[in-house]
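*Asks:* Let me give you the structure first, and then I'll get to my questions.
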Amino acid sequence: MNRRNARKNAFFLVFQMDFNEKEAFEEAKQLFFDHQEEAVEEEEKLFILKETEGTKKHLAEIDEMIDKKAKKWDTGRMSKVDLAILRLAIYEICFSEEIPTSVAINEAVELAKKFSSDEAPSFINGILGSIAAERQNQ
């Protein structure tokens with residue numbers, strides 16, 4: 001499994017956060033790894049969990065950024081797929097020093113192309129670009 005596939009799996013877990021209680025989410029993570037078609041190497045599992053747990057830890061801050069940047073939208077009205085993609089990418093941009101901003105944005109747009117609507121890639125790119133520009137000016 002490469003980094004792109006590991007990120008896709010992190011996206012799947014971040015997506016599941018909205019549908020599971022805190023205790024059930026721990027079980028959902030274990031089930032997720034138990035039912036993978038191909039074996040997940042330990043390094044990849046650590047990356048997936050780091051991304052997922054980091055997003056979860058900073059969720060309130062991340063959602064606040066999304067609400068601020070998404071004109072006429074808020075996290076309650078947004079597609080759950082788009083929201084999960086944004087949350088993961090914003091975690092990478094703002095809280096992870098491991099992932100370059102351009103990679104986080106590009107990977108988020110690619111996830112949107114694969115798993116969301118036709119309008120989602122430009123919507124996600126716009127929000128992430130705005131957040132990245134704001135962070136760069138700080």
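To be explicit about the labels: the chains of the structure tokens are called A, B, and onward in the order shown, and within each one the residues are counted from 1, while ligands get numbers from 1 in the order they are shown.
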Could you pull out the residues in region 14-95 of chain A that DSSP calls helix (DSSP H, G or I) from the backbone, as a PyMOL selection string?

*Replies:* chain A and resi 14-17+22-34+42-57+59-69+80-95

*Asks:* Which of these, A:Ala120, A:Ile93, A:Leu83, A:Ala10, has the shortest distance to Ile66 (chain A) once you count only C-alpha atoms?

*Replies:*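 That would be A:Leu83, the residue with the smallest distance to Ile66 (chain A).
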
*Asks:* Quick check, in Å to one decimal: how far apart do CA of Glu107 (chain A) and CA of Ala24 (chain A) lie?

*Replies:*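 That distance, rounded to one decimal, is 27.9 Å.
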
*Asks:* Find the residues near His58 (chain A): any atom within 10 Å, counting only C-alpha atoms, skip ones fewer than 3 places away on the same chain, and give them as a ChimeraX atom specification.

*Replies:* /A:53-55,61-63,87,90-91,94-95

*Asks:* Rounded to one decimal in Å, what is the spacing between CA of Phe11 (chain A) and CA of Ser96 (chain A)?

*Replies:* 15.3 Å

*Asks:* Which one is closest to Lys8 (chain A): A:Ser122, A:Thr101, A:Gln138, A:Thr52? Count only C-alpha atoms.

*Replies:* A:Thr52

*Asks:* Which one is closest to Asp82 (chain A): A:Ile99, A:Met65, A:Ala60, A:Val109? Count only C-alpha atoms.

*Replies:*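 Under the stated criterion, the closest residue is A:Val109.
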
*Asks:* Select, from A:Lys50, A:Lys80, A:Glu42, A:Gln30, the residue with the minimum atom-to-atom distance to Met17 (chain A), counting only C-alpha atoms.

*Replies:*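 Counting only C-alpha atoms, the residue closest to Met17 (chain A) is A:Lys80.
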
*Asks:* Just checking: using only C-alpha atoms, which residue out of A:Ala104, A:Ile124, A:Gln16, A:Glu44 ends up closest to Met78 (chain A)?

*Replies:*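 Closest to Met78 (chain A) of all the choices is A:Ile124.
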
*Asks:* From the options A:Lys69, A:Ala84, A:Glu41, A:Ile48, which residue's atoms come nearest to Lys29 (chain A), counting only C-alpha atoms?

*Replies:* A:Ile48
